[in-house]
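Undergrad: Mind looking over this structure? Questions follow.
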Amino acid sequence: MASQPFSYTDDTLKQLVTDALTYATSRGATAADAEVSEGYGQTVTARQGEVETIEYNRDKGIGVTVYIGQQRGHASSSDFAPQAMRDTVDAALAIARYTAVDECAGLADPDMLAREFPDLDLLHPWDMPVERAIEMARECEAAGFGVDKRVTNSEGATISTQQSHFIYGNTHGFLAGYPGSRHSIWCALIAGKGDGMQRDDWYETARDPADLPAPAVVGRRAGERAVARLKARKVATTQVPVLFESGVASSLMGHFVSAVSGGSLYRKSSFLPDSLGKPVFAPCVQMRDLPLIPKGLASGAFDEEGVATQTRDIVRNGVVQGYFLATYSARKLGMKSTGNAGGNHNLIMSDTGEDFAALLKKMGTGLLVTELMGQGVNAVTGDYSRGAAGFWVENGVVTYPVQEITIAGNLKDIYKNIVAIGNDVSRRSSRQCGSILVAGMTLAGS
């Protein structure tokens, strides 16, 4: 898809928000906020060298939240017509009037709203005619097939490009927004035949298409990973060190974010209650929330409530330094918003100086996990039990692939037993870390 402008200008979106807020207050709202957004994109998938799907999307929406005192109502619409906007506001007001009073409900405190809006370089439209996208998808898949004759089938290769922009405003006078883009290349391939078939994939994501690798690089990585898993074995139940490859290691960060987010904390549904200022991780773990990284996948000068974001230490020397709080959850906890309405920003775990080969050597004999399956994580107790696949390592050397195993433990123990974090950082999501070596976990096999 050749780069095309948005259908609505920033000024138009600002006027839509302003009109919604003005109408809400005229109808009895004591406070209100609104967000208007628009996005468009293209996704092309090729499989076995043939075009499988071509999808175009163009979306828009308005969401309005109103307060009558401390009664809250919310409604949304995809229609920007003036009457539709008024109907949306009226629907939100009707909901608010039937909602119980909540002493924690309300807009963010005015003194916490962002006042500075640095250019974080988040919009990089991809000039991508569909013909070129098809060509790139075919290149990606063909490179994967070219890795080895044992690559026998494909789930396809996909080239995706998305652009969007939004404006958020509230009756405290806040009115701001910004555009952004996100592009990706993905490929999934199958190696082997019959009962011995193995599947694996690879993808890359970036704000700027110039930061993506060539499609052939992604395809080759997917093909190599699929072939490497051929002739996978089961292993006996044992207790071993586990090395989480960087692509799956970030899931350990995700469980931590969930546990120290406001909703889990005030509902008392977290395995890490009252953890602020306490050692949760091994002393080698450092984690920071960095919202102002140029081109960052989760960068922004303000959160979903207009609260200014801030660079923060989240974990220092294993000790929890901060939670992830929006306005409502902060009030429930008797605290202040941390500018994390909508979740973490660019959450970065520092490495401990080793590359991947050094981590394997440090582990000695154990399990390298490259894929996790299932949802066996108890958010209240921290109990962790997930299906896994990967490779058995002997004396620091990968020896053979393994499958049909389960790794188990408790996240509190897993975090305390982190031995090292690699410098092979995966940058494909908002939670970024290298491979993580954990001293010991239960491996359930044959």
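Letters A, B, ... mark the chains of the structure tokens in the order given; residue numbers begin at 1 per chain; ligand numbers begin at 1, in order shown.
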Need the shell around Ser76 in chain A: protein/DNA/RNA residues with any atom at most 12 Å away, counting only C-alpha atoms. Skip same-chain ones fewer than 6 positions apart. Format as a PyMOL selection string?

TA: chain A and resi 20+33-37+60-66+84-93

Undergrad: Go ahead and write the selection's residues with N, CA and C atoms as a tab-separated table (two decimals), in the first residue's frame.

TA:
chain	number	residue	atom	x	y	z
A	20	ALA	N	-17.11	16.93	22.14
A	20	ALA	CA	-17.66	15.91	23.03
A	20	ALA	C	-17.61	16.37	24.48
A	33	ASP	N	-13.70	12.89	29.98
A	33	ASP	CA	-12.57	12.80	29.05
A	33	ASP	C	-13.01	12.06	27.80
A	34	ALA	N	-12.26	12.23	26.74
A	34	ALA	CA	-12.60	11.61	25.46
A	34	ALA	C	-11.33	11.34	24.68
A	35	GLU	N	-11.37	10.28	23.88
A	35	GLU	CA	-10.26	9.96	22.98
A	35	GLU	C	-10.83	9.63	21.61
A	36	VAL	N	-10.22	10.21	20.59
A	36	VAL	CA	-10.61	9.95	19.21
A	36	VAL	C	-9.37	9.41	18.49
A	37	SER	N	-9.55	8.34	17.73
A	37	SER	CA	-8.40	7.73	17.06
A	37	SER	C	-8.77	7.28	15.66
A	60	LYS	N	-11.70	3.78	12.87
A	60	LYS	CA	-11.76	5.01	13.65
A	60	LYS	C	-12.72	4.79	14.80
A	61	GLY	N	-12.57	5.59	15.83
A	61	GLY	CA	-13.45	5.44	16.98
A	61	GLY	C	-13.35	6.60	17.94
A	62	ILE	N	-14.39	6.78	18.72
A	62	ILE	CA	-14.40	7.78	19.78
A	62	ILE	C	-14.90	7.11	21.05
A	63	GLY	N	-14.20	7.33	22.14
A	63	GLY	CA	-14.62	6.84	23.44
A	63	GLY	C	-14.78	8.00	24.40
A	64	VAL	N	-15.89	8.02	25.13
A	64	VAL	CA	-16.19	9.12	26.05
A	64	VAL	C	-16.46	8.56	27.44
A	65	THR	N	-15.80	9.12	28.45
A	65	THR	CA	-16.06	8.78	29.84
A	65	THR	C	-16.55	10.04	30.55
A	66	VAL	N	-17.67	9.91	31.26
A	66	VAL	CA	-18.23	11.06	31.97
A	66	VAL	C	-18.34	10.74	33.46
A	84	ALA	N	-24.14	11.44	16.22
A	84	ALA	CA	-23.61	10.21	16.80
A	84	ALA	C	-22.75	10.51	18.02
A	85	MET	N	-21.98	11.60	17.94
A	85	MET	CA	-21.17	11.99	19.09
A	85	MET	C	-22.05	12.34	20.27
A	86	ARG	N	-23.11	13.10	20.01
A	86	ARG	CA	-24.01	13.47	21.10
A	86	ARG	C	-24.70	12.24	21.69
A	87	ASP	N	-25.08	11.31	20.83
A	87	ASP	CA	-25.71	10.07	21.31
A	87	ASP	C	-24.75	9.27	22.19
A	88	THR	N	-23.48	9.28	21.82
A	88	THR	CA	-22.48	8.56	22.61
A	88	THR	C	-22.33	9.19	23.99
A	89	VAL	N	-22.25	10.51	24.03
A	89	VAL	CA	-22.16	11.20	25.32
A	89	VAL	C	-23.40	10.93	26.16
A	90	ASP	N	-24.56	11.01	25.55
A	90	ASP	CA	-25.81	10.76	26.29
A	90	ASP	C	-25.85	9.34	26.85
A	91	ALA	N	-25.33	8.38	26.07
A	91	ALA	CA	-25.30	7.00	26.55
A	91	ALA	C	-24.38	6.87	27.77
A	92	ALA	N	-23.25	7.54	27.72
A	92	ALA	CA	-22.32	7.51	28.86
A	92	ALA	C	-22.96	8.14	30.09
A	93	LEU	N	-23.67	9.25	29.90
A	93	LEU	CA	-24.35	9.92	31.02
A	93	LEU	C	-25.44	9.03	31.61

Undergrad: Output as a tab-separated table one row per residue of range 181-268 of chain A within 10 Å of range 38-42 of chain A: the closest atom pair and its distance in Å to one decimal place, counting only C-alpha atoms, sorted by chain and residue number ascending.

TA:
residue	atom	partner	partner_atom	distance
A:Ser181	CA	A:Gly39	CA	9.3
A:Arg182	CA	A:Gly41	CA	9.5
A:His183	CA	A:Gly41	CA	9.4

Undergrad: Would you put the residues from that selection into a file with N, CA and C atoms, as a PDB file, in the first residue's frame?

TA:
ATOM      1  N   SER A 181       3.445   4.369  14.124  1.00  0.00           N
ATOM      2  CA  SER A 181       3.409   3.294  13.142  1.00  0.00           C
ATOM      3  C   SER A 181       4.002   2.036  13.757  1.00  0.00           C
ATOM      4  N   ARG A 182       3.631   0.895  13.179  1.00  0.00           N
ATOM      5  CA  ARG A 182       4.176  -0.394  13.613  1.00  0.00           C
ATOM      6  C   ARG A 182       4.148  -1.332  12.424  1.00  0.00           C
ATOM      7  N   HIS A 183       5.305  -1.911  12.118  1.00  0.00           N
ATOM      8  CA  HIS A 183       5.434  -2.777  10.949  1.00  0.00           C
ATOM      9  C   HIS A 183       6.074  -4.094  11.363  1.00  0.00           C
TER      10      HIS A 183
END

Undergrad: Select, from A:Ile405, A:Tyr323, A:Ser164, A:Gly342, the residue with the minimum atom-to-atom distance to Met373 in chain A, counting only C-alpha atoms.

TA: A:Ile405

Undergrad: Find the spatial neighbours of range 200-211 of chain A, counting only C-alpha atoms, within a cut-off of 7 Å - ignore same-chain residues fewer than 6 positions away - and output them as a list in words.

TA: Leu122, Leu123, His124, Trp126, Ser181, Arg182, His183, Ser184, Ile185, Trp186, Cys187, Ala188, Leu189, Ile190, Val218, Arg221, Ala222, Arg225, Ala226, Lys295, Leu297 and Arg428 of chain A

Undergrad: Create the file for the chosen residues now, containing N, CA and C atoms and written as a PDB file, in the first residue's frame.

TA:
ATOM      1  N   LEU A 122       7.858   8.538  16.360  1.00  0.00           N
ATOM      2  CA  LEU A 122       7.096   7.292  16.379  1.00  0.00           C
ATOM      3  C   LEU A 122       6.374   6.978  15.073  1.00  0.00           C
ATOM      4  N   LEU A 123       6.316   7.926  14.148  1.00  0.00           N
ATOM      5  CA  LEU A 123       5.594   7.689  12.891  1.00  0.00           C
ATOM      6  C   LEU A 123       6.558   7.534  11.731  1.00  0.00           C
ATOM      7  N   HIS A 124       6.525   6.370  11.111  1.00  0.00           N
ATOM      8  CA  HIS A 124       7.336   6.086   9.924  1.00  0.00           C
ATOM      9  C   HIS A 124       6.487   5.284   8.941  1.00  0.00           C
ATOM     10  N   TRP A 126       5.179   3.258   5.858  1.00  0.00           N
ATOM     11  CA  TRP A 126       5.901   2.360   4.961  1.00  0.00           C
ATOM     12  C   TRP A 126       5.275   2.458   3.577  1.00  0.00           C
ATOM     13  N   SER A 181       3.445   4.369  14.124  1.00  0.00           N
ATOM     14  CA  SER A 181       3.409   3.294  13.142  1.00  0.00           C
ATOM     15  C   SER A 181       4.002   2.036  13.757  1.00  0.00           C
ATOM     16  N   ARG A 182       3.631   0.895  13.179  1.00  0.00           N
ATOM     17  CA  ARG A 182       4.176  -0.394  13.613  1.00  0.00           C
ATOM     18  C   ARG A 182       4.148  -1.332  12.424  1.00  0.00           C
ATOM     19  N   HIS A 183       5.305  -1.911  12.118  1.00  0.00           N
ATOM     20  CA  HIS A 183       5.434  -2.777  10.949  1.00  0.00           C
ATOM     21  C   HIS A 183       6.074  -4.094  11.363  1.00  0.00           C
ATOM     22  N   SER A 184       5.731  -5.167  10.660  1.00  0.00           N
ATOM     23  CA  SER A 184       6.284  -6.458  11.052  1.00  0.00           C
ATOM     24  C   SER A 184       6.449  -7.394   9.868  1.00  0.00           C
ATOM     25  N   ILE A 185       7.382  -8.340  10.039  1.00  0.00           N
ATOM     26  CA  ILE A 185       7.617  -9.428   9.098  1.00  0.00           C
ATOM     27  C   ILE A 185       7.570 -10.724   9.899  1.00  0.00           C
ATOM     28  N   TRP A 186       6.807 -11.698   9.416  1.00  0.00           N
ATOM     29  CA  TRP A 186       6.622 -12.957  10.158  1.00  0.00           C
ATOM     30  C   TRP A 186       6.658 -14.128   9.200  1.00  0.00           C
ATOM     31  N   CYS A 187       7.182 -15.254   9.665  1.00  0.00           N
ATOM     32  CA  CYS A 187       7.213 -16.461   8.845  1.00  0.00           C
ATOM     33  C   CYS A 187       7.153 -17.687   9.756  1.00  0.00           C
ATOM     34  N   ALA A 188       6.365 -18.676   9.374  1.00  0.00           N
ATOM     35  CA  ALA A 188       6.284 -19.939  10.112  1.00  0.00           C
ATOM     36  C   ALA A 188       6.464 -21.087   9.128  1.00  0.00           C
ATOM     37  N   LEU A 189       7.367 -22.005   9.462  1.00  0.00           N
ATOM     38  CA  LEU A 189       7.707 -23.100   8.556  1.00  0.00           C
ATOM     39  C   LEU A 189       7.656 -24.438   9.269  1.00  0.00           C
ATOM     40  N   ILE A 190       7.490 -25.497   8.483  1.00  0.00           N
ATOM     41  CA  ILE A 190       7.383 -26.859   9.002  1.00  0.00           C
ATOM     42  C   ILE A 190       8.476 -27.711   8.366  1.00  0.00           C
ATOM     43  N   VAL A 218      14.472 -13.043   8.065  1.00  0.00           N
ATOM     44  CA  VAL A 218      13.400 -13.592   8.907  1.00  0.00           C
ATOM     45  C   VAL A 218      13.047 -15.008   8.448  1.00  0.00           C
ATOM     46  N   ARG A 221      15.725 -17.518   9.437  1.00  0.00           N
ATOM     47  CA  ARG A 221      15.691 -17.790  10.885  1.00  0.00           C
ATOM     48  C   ARG A 221      14.567 -18.776  11.204  1.00  0.00           C
ATOM     49  N   ALA A 222      13.395 -18.587  10.600  1.00  0.00           N
ATOM     50  CA  ALA A 222      12.278 -19.505  10.829  1.00  0.00           C
ATOM     51  C   ALA A 222      12.621 -20.905  10.339  1.00  0.00           C
ATOM     52  N   ARG A 225      15.208 -22.622  12.627  1.00  0.00           N
ATOM     53  CA  ARG A 225      14.615 -23.030  13.898  1.00  0.00           C
ATOM     54  C   ARG A 225      13.760 -24.288  13.735  1.00  0.00           C
ATOM     55  N   ALA A 226      13.021 -24.379  12.633  1.00  0.00           N
ATOM     56  CA  ALA A 226      12.204 -25.564  12.402  1.00  0.00           C
ATOM     57  C   ALA A 226      13.074 -26.808  12.213  1.00  0.00           C
ATOM     58  N   LYS A 295      11.496   6.107  18.858  1.00  0.00           N
ATOM     59  CA  LYS A 295      11.071   4.921  18.098  1.00  0.00           C
ATOM     60  C   LYS A 295      10.679   3.735  18.980  1.00  0.00           C
ATOM     61  N   LEU A 297       8.705   0.985  21.028  1.00  0.00           N
ATOM     62  CA  LEU A 297       7.400   0.384  20.743  1.00  0.00           C
ATOM     63  C   LEU A 297       6.338   0.794  21.752  1.00  0.00           C
ATOM     64  N   ARG A 428      11.381  -7.120  20.299  1.00  0.00           N
ATOM     65  CA  ARG A 428      10.154  -7.263  19.515  1.00  0.00           C
ATOM     66  C   ARG A 428       8.897  -6.860  20.279  1.00  0.00           C
TER      67      ARG A 428
END

Undergrad: Quick one: pull the distance between CA of Leu16 in chain A and CA of Asp59 in chain A, Å, one decimal.

TA: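 We find that CA of Leu16 in chain A and CA of Asp59 in chain A lie 15.9 Å from each other.
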
Undergrad: Of the candidates A:Leu120, A:Val257, A:Leu411, A:Val235, which shows the shortest atom-to-atom distance to Arg288 in chain A, using only C-alpha atoms?

TA: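 Closest to Arg288 in chain A, using only C-alpha atoms: A:Val257.
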
Undergrad: Tell me which protein, DNA and RNA residues are within 9 Å of Gln239 in chain A, counting only C-alpha atoms, leaving out same-chain ones fewer than 2 positions away, and put them as number ranges by chain.

TA: A: 237, 241, 366, 440-444

Undergrad: Atoms to include: N, CA and C atoms. Write the selected residues as a short mmCIF file (atom, residue, chain, number, x, y, z; two decimals), in the first residue's frame.

TA:
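Output below, filename part25.cif:
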data_model
loop_
_atom_site.label_atom_id
_atom_site.label_comp_id
_atom_site.auth_asym_id
_atom_site.auth_seq_id
_atom_site.Cartn_x
_atom_site.Cartn_y
_atom_site.Cartn_z
N THR A 237 12.07 -36.93 34.00
CA THR A 237 11.77 -35.92 35.02
C THR A 237 13.00 -35.69 35.89
N PRO A 241 18.97 -26.62 35.85
CA PRO A 241 18.96 -25.20 35.47
C PRO A 241 18.19 -25.04 34.16
N GLY A 366 21.62 -28.69 31.33
CA GLY A 366 20.27 -28.25 31.67
C GLY A 366 19.41 -28.11 30.44
N GLY A 440 17.48 -23.38 38.99
CA GLY A 440 16.89 -24.72 39.03
C GLY A 440 15.39 -24.70 38.96
N MET A 441 14.83 -25.57 38.14
CA MET A 441 13.39 -25.77 38.05
C MET A 441 13.10 -27.25 37.87
N THR A 442 11.88 -27.63 38.12
CA THR A 442 11.47 -29.02 37.92
C THR A 442 11.09 -29.21 36.46
N LEU A 443 11.71 -30.19 35.84
CA LEU A 443 11.40 -30.55 34.46
C LEU A 443 10.64 -31.88 34.52
N ALA A 444 9.37 -31.85 34.11
CA ALA A 444 8.56 -33.07 34.08
C ALA A 444 8.55 -33.64 32.68
#

Undergrad: Within range 216-346 of chain A, find each residue whose DSSP state, derived from the backbone, is alpha helix (DSSP H), and express the selection as number ranges by chain.

TA: A: 216-228, 246-259, 262-266, 327-332

Undergrad: Write to file, as a PDB file, in the first residue's frame, the residues of the selection just made, with C-alpha atoms.

TA:
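Dumped to result.pdb:
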ATOM      1  CA  ALA A 216      15.021 -13.283   3.708  1.00  0.00           C
ATOM      2  CA  VAL A 217      16.712 -12.961   7.129  1.00  0.00           C
ATOM      3  CA  VAL A 218      13.400 -13.592   8.907  1.00  0.00           C
ATOM      4  CA  GLY A 219      12.591 -16.536   6.610  1.00  0.00           C
ATOM      5  CA  ARG A 220      15.974 -18.149   7.118  1.00  0.00           C
ATOM      6  CA  ARG A 221      15.691 -17.790  10.885  1.00  0.00           C
ATOM      7  CA  ALA A 222      12.278 -19.505  10.829  1.00  0.00           C
ATOM      8  CA  GLY A 223      13.607 -22.305   8.609  1.00  0.00           C
ATOM      9  CA  GLU A 224      16.702 -22.875  10.731  1.00  0.00           C
ATOM     10  CA  ARG A 225      14.615 -23.030  13.898  1.00  0.00           C
ATOM     11  CA  ALA A 226      12.204 -25.564  12.402  1.00  0.00           C
ATOM     12  CA  VAL A 227      15.018 -27.839  11.165  1.00  0.00           C
ATOM     13  CA  ALA A 228      16.841 -27.631  14.491  1.00  0.00           C
ATOM     14  CA  SER A 246      15.286 -14.112  24.984  1.00  0.00           C
ATOM     15  CA  GLY A 247      12.113 -14.402  22.899  1.00  0.00           C
ATOM     16  CA  VAL A 248      10.313 -16.276  25.691  1.00  0.00           C
ATOM     17  CA  ALA A 249      12.210 -14.813  28.651  1.00  0.00           C
ATOM     18  CA  SER A 250      10.211 -11.586  28.403  1.00  0.00           C
ATOM     19  CA  SER A 251       7.148 -13.547  29.541  1.00  0.00           C
ATOM     20  CA  LEU A 252       8.758 -13.724  32.999  1.00  0.00           C
ATOM     21  CA  MET A 253       8.775  -9.912  32.987  1.00  0.00           C
ATOM     22  CA  GLY A 254       5.114  -9.950  31.960  1.00  0.00           C
ATOM     23  CA  HIS A 255       4.090 -12.024  34.996  1.00  0.00           C
ATOM     24  CA  PHE A 256       5.935  -9.559  37.231  1.00  0.00           C
ATOM     25  CA  VAL A 257       4.252  -6.533  35.613  1.00  0.00           C
ATOM     26  CA  SER A 258       0.846  -8.113  36.148  1.00  0.00           C
ATOM     27  CA  ALA A 259       1.635  -8.873  39.794  1.00  0.00           C
ATOM     28  CA  GLY A 262      -2.591  -1.590  40.499  1.00  0.00           C
ATOM     29  CA  GLY A 263      -5.582  -3.740  39.634  1.00  0.00           C
ATOM     30  CA  SER A 264      -3.976  -6.935  40.959  1.00  0.00           C
ATOM     31  CA  LEU A 265      -2.678  -5.172  44.058  1.00  0.00           C
ATOM     32  CA  TYR A 266      -5.866  -3.482  45.241  1.00  0.00           C
ATOM     33  CA  THR A 327      -5.217   6.978  38.687  1.00  0.00           C
ATOM     34  CA  TYR A 328      -8.033   4.736  39.947  1.00  0.00           C
ATOM     35  CA  SER A 329      -5.836   1.917  41.218  1.00  0.00           C
ATOM     36  CA  ALA A 330      -3.457   4.426  42.826  1.00  0.00           C
ATOM     37  CA  ARG A 331      -6.321   6.006  44.765  1.00  0.00           C
ATOM     38  CA  LYS A 332      -7.526   2.564  45.871  1.00  0.00           C
TER      39      LYS A 332
END

Undergrad: Interatomic distance between CA of Arg229 in chain A and CA of Ala137 in chain A?

TA: 23.6 Å
